[in-house]
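**Q** Input: one structure, supplied below.
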Amino acid sequence: MTGLHWGILATGGIAHAFTSDLRTAGLDVTAVGSRSLDSARAFAAQYDIPHAHGSYEELVADPDVDIVYIATPHPSHVDNALLALEHGKHVLVEKPFTLNAAEAAAIRDKAAENGLLAMEAMWTRYLPHMVRIREILAAGTLGEIRLVSADHTQKISTDPAHRLNDLALGGGALLDLGIYPVSFAVDVLGLPERISALARLSDADSDAEVATMFVHAGGAMSTTVSSSRAAGATSAQIVGTEARIEIDRVWYSPTSFRVITPDEKVAEEYTSEVEGRGMQFQALAAERLVADGAISSDVLPIDETVAIMGVLDEVRRQIGVVYPGER
């Protein structure tokens with residue numbers, strides 16, 4: 001543990017979930033910043049945080065803050081992250097990291113210039129069951145991996161003003177929900193060599209459903225489905241020549257999985273036992289990285305984050321989704 005002092009930038013639902021898990025892990029939350037001082041004070045009171053700031057500028061200027069968790073909607077991530085980096089703070093940026101690859105590269109480059117950690121808060125990668133899955137893959141238990149499939153499907157509001165449906169706020173199923181299975185496919189198989197995508201757009205021209213098929217090195221394939229209009233299984237599987245892994249609902253959060261051989265025998269069964277939601281593991285990883293002097297995650301390197309945003313850029317190009325004011 002480095003004893004890092006965390007600052008929370010924004011006070012929405014994801015900030016509450018993350019801060020609760022930081023407290024579960026016994027980490028030091030020193031300050032919170034909001035555009036509303038009343039909101040910051042209420043958040044600080046709820047989580048016993050010493051300093052409440054009525055602007056993001058005040059938060060990143062706080063000398064007691066070492067690392068800032070960016071919890072704003074993703075169109076604001078690049079400006080918020082650059083602001084924190086310019087004030088010498090490490091950043092953990094909520095996923096999706098940015099709107100596009102160009103913005104992600106700007107954060108990466110500024111962090112490297114200042115010798116600071118910039119890390120995507122793809123908390124799923126740091127969960128214990130995902131750590132165990134990577135161990136199984138590294139051991140070759142599944143043989144040659146041929147297929148990865150995963151869905152992230154939820155029934156969310158159809159109100160055009162809802163954040164997930166508003167293009168001005170980066171709305172759509174892909175960046176909010178699809179980022180999970182796309183990142184998972186890249187984690188297992190590496191970046192895709194070929195990308196195909198289809199979508200159904202909402203009346204507001206945001207993507208309500210998105211399906212992707214990627215071809216990776218060696219011809220391995222991955223498929224993902226994301227929807228903000230219908231709730232599906234939200235499960236995942238990795239299929240190899242010698243065995244497969246079936247990850248139960250909800251696959252991207254603490255859950256269970258089984259390793260199953262071709263004759264349908266269960267070779268291993270894993271059940272997560274995690275206190276809280278599980279977002280603390282990425283924070284613990286960030287603290288370890290800072291202690292080691294690293295400016296990029298070993299589990300999700302910043303270059304990979306930028307490349308994944310490039311994959312999502314190509315998916316959006318194919319389905320015809322453009323956000324207003326993109327850089």
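Residues are referred to by chain and number: the chain letter is A, B, ... according to the order shown in the structure tokens, the number counts from 1 in that chain, and ligands are numbered separately from 1 in the order shown.
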With stretch 172-182 of chain A as the partner and 10 Å as the cut-off, tabulate the residues of stretch 56-145 of chain A that qualify, each row holding the nearest pair of atoms and their distance in Å to one decimal, using only C-alpha atoms, sorted by chain and rising number, as CSV.
**A**
```
residue,atom,partner,partner_atom,distance
A:Pro73,CA,A:Asp176,CA,9.8
A:His74,CA,A:Leu175,CA,8.8
A:Lys95,CA,A:Ile179,CA,7.7
A:Pro96,CA,A:Leu175,CA,5.9
A:Phe97,CA,A:Leu175,CA,9.2
A:Thr98,CA,A:Leu175,CA,9.0
A:Leu99,CA,A:Leu175,CA,7.9
A:Asn100,CA,A:Leu175,CA,9.6
A:Met122,CA,A:Tyr180,CA,7.8
A:Trp123,CA,A:Tyr180,CA,9.6
A:Thr124,CA,A:Tyr180,CA,7.9
A:Arg125,CA,A:Tyr180,CA,9.5
```
**Q** Please provide the set of residues having any atom within 6 Å of A:Val68, restricted to only C-alpha atoms, with same-chain residues fewer than 4 positions apart removed, written as a VMD selection string.
**A** chain A and resid 6 to 8 91
**Q** Store the residues picked out above, limited to C-alpha atoms, as a PDB file, in the first residue's frame.
**A**
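Result saved to result33.pdb:
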```pdb
ATOM      1  CA  TRP A   6      -7.695   9.771  -3.408  1.00  0.00           C
ATOM      2  CA  GLY A   7      -9.744  12.603  -4.832  1.00  0.00           C
ATOM      3  CA  ILE A   8     -13.160  11.878  -6.357  1.00  0.00           C
ATOM      4  CA  VAL A  91      -5.623   9.616 -12.856  1.00  0.00           C
TER       5      VAL A  91
END
```
**Q** Give me the residues near stretch 301-312 of chain A as a PyMOL selection string, where near means some atom within 7 Å (using only C-alpha atoms) and where sequence neighbours in that chain fewer than 6 positions away do not count.
**A** chain A and resi 100-101+104-105+108+118-120+183
**Q** Selection from above, N, CA and C atoms, as a PDB file, in the first residue's frame, can you write it?
**A**
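Final output, part-v2.pdb:
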```
ATOM      1  N   ASN A 100     -13.108   8.818 -27.982  1.00  0.00           N
ATOM      2  CA  ASN A 100     -12.431   8.248 -29.140  1.00  0.00           C
ATOM      3  C   ASN A 100     -10.938   8.086 -28.865  1.00  0.00           C
ATOM      4  N   ALA A 101     -10.247   7.502 -29.825  1.00  0.00           N
ATOM      5  CA  ALA A 101      -8.831   7.191 -29.644  1.00  0.00           C
ATOM      6  C   ALA A 101      -7.977   8.448 -29.555  1.00  0.00           C
ATOM      7  N   ALA A 104      -8.082   9.667 -26.081  1.00  0.00           N
ATOM      8  CA  ALA A 104      -7.344   8.746 -25.212  1.00  0.00           C
ATOM      9  C   ALA A 104      -5.844   8.948 -25.352  1.00  0.00           C
ATOM     10  N   ALA A 105      -5.376   9.158 -26.589  1.00  0.00           N
ATOM     11  CA  ALA A 105      -3.951   9.379 -26.821  1.00  0.00           C
ATOM     12  C   ALA A 105      -3.485  10.680 -26.170  1.00  0.00           C
ATOM     13  N   ARG A 108      -2.923   9.840 -22.553  1.00  0.00           N
ATOM     14  CA  ARG A 108      -1.707   9.014 -22.447  1.00  0.00           C
ATOM     15  C   ARG A 108      -0.459   9.861 -22.584  1.00  0.00           C
ATOM     16  N   ALA A 118      -1.691   7.035 -15.807  1.00  0.00           N
ATOM     17  CA  ALA A 118      -3.017   7.192 -16.410  1.00  0.00           C
ATOM     18  C   ALA A 118      -3.549   5.798 -16.654  1.00  0.00           C
ATOM     19  N   MET A 119      -4.705   5.499 -16.105  1.00  0.00           N
ATOM     20  CA  MET A 119      -5.215   4.130 -16.104  1.00  0.00           C
ATOM     21  C   MET A 119      -6.723   4.152 -16.317  1.00  0.00           C
ATOM     22  N   GLU A 120      -7.199   3.244 -17.167  1.00  0.00           N
ATOM     23  CA  GLU A 120      -8.630   3.105 -17.398  1.00  0.00           C
ATOM     24  C   GLU A 120      -9.260   2.278 -16.282  1.00  0.00           C
ATOM     25  N   SER A 183     -13.539  -5.083 -24.556  1.00  0.00           N
ATOM     26  CA  SER A 183     -12.288  -5.137 -23.796  1.00  0.00           C
ATOM     27  C   SER A 183     -11.961  -6.565 -23.379  1.00  0.00           C
TER      28      SER A 183
END
```
**Q** Quick one: residues within 8 Å of A:Ser256, only C-alpha atoms counted, chain neighbours fewer than 3 positions away excluded, as a VMD selection string?
**A** chain A and resid 129 247 to 248 251 269 to 272
**Q** Excluding same-chain residues fewer than 2 positions from A:Thr141, what lies within 9 Å of it counting only C-alpha atoms, as a ChimeraX atom specification?
**A** /A:136-139,143-144,240,242-244,259
**Q** State, in Å with one decimal place, the distance from atom CA of A:Arg41 to atom CA of A:Val78.
**A**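 These two atoms are separated by 25.1 Å.
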**Q** Write out as a list in words each polymer residue whose atoms come within 8 Å of A:Leu167, counting only C-alpha atoms; drop sequence neighbours fewer than 5 positions from it.
**A** Gly172, Ala204, Asp205, Ser206, Val322, Tyr323 and Pro324 of chain A
**Q** Between A:Met221, A:Leu117, A:Ala45, A:Ala84, single out the one closest to A:Asp298, counting only C-alpha atoms.
**A** A:Leu117
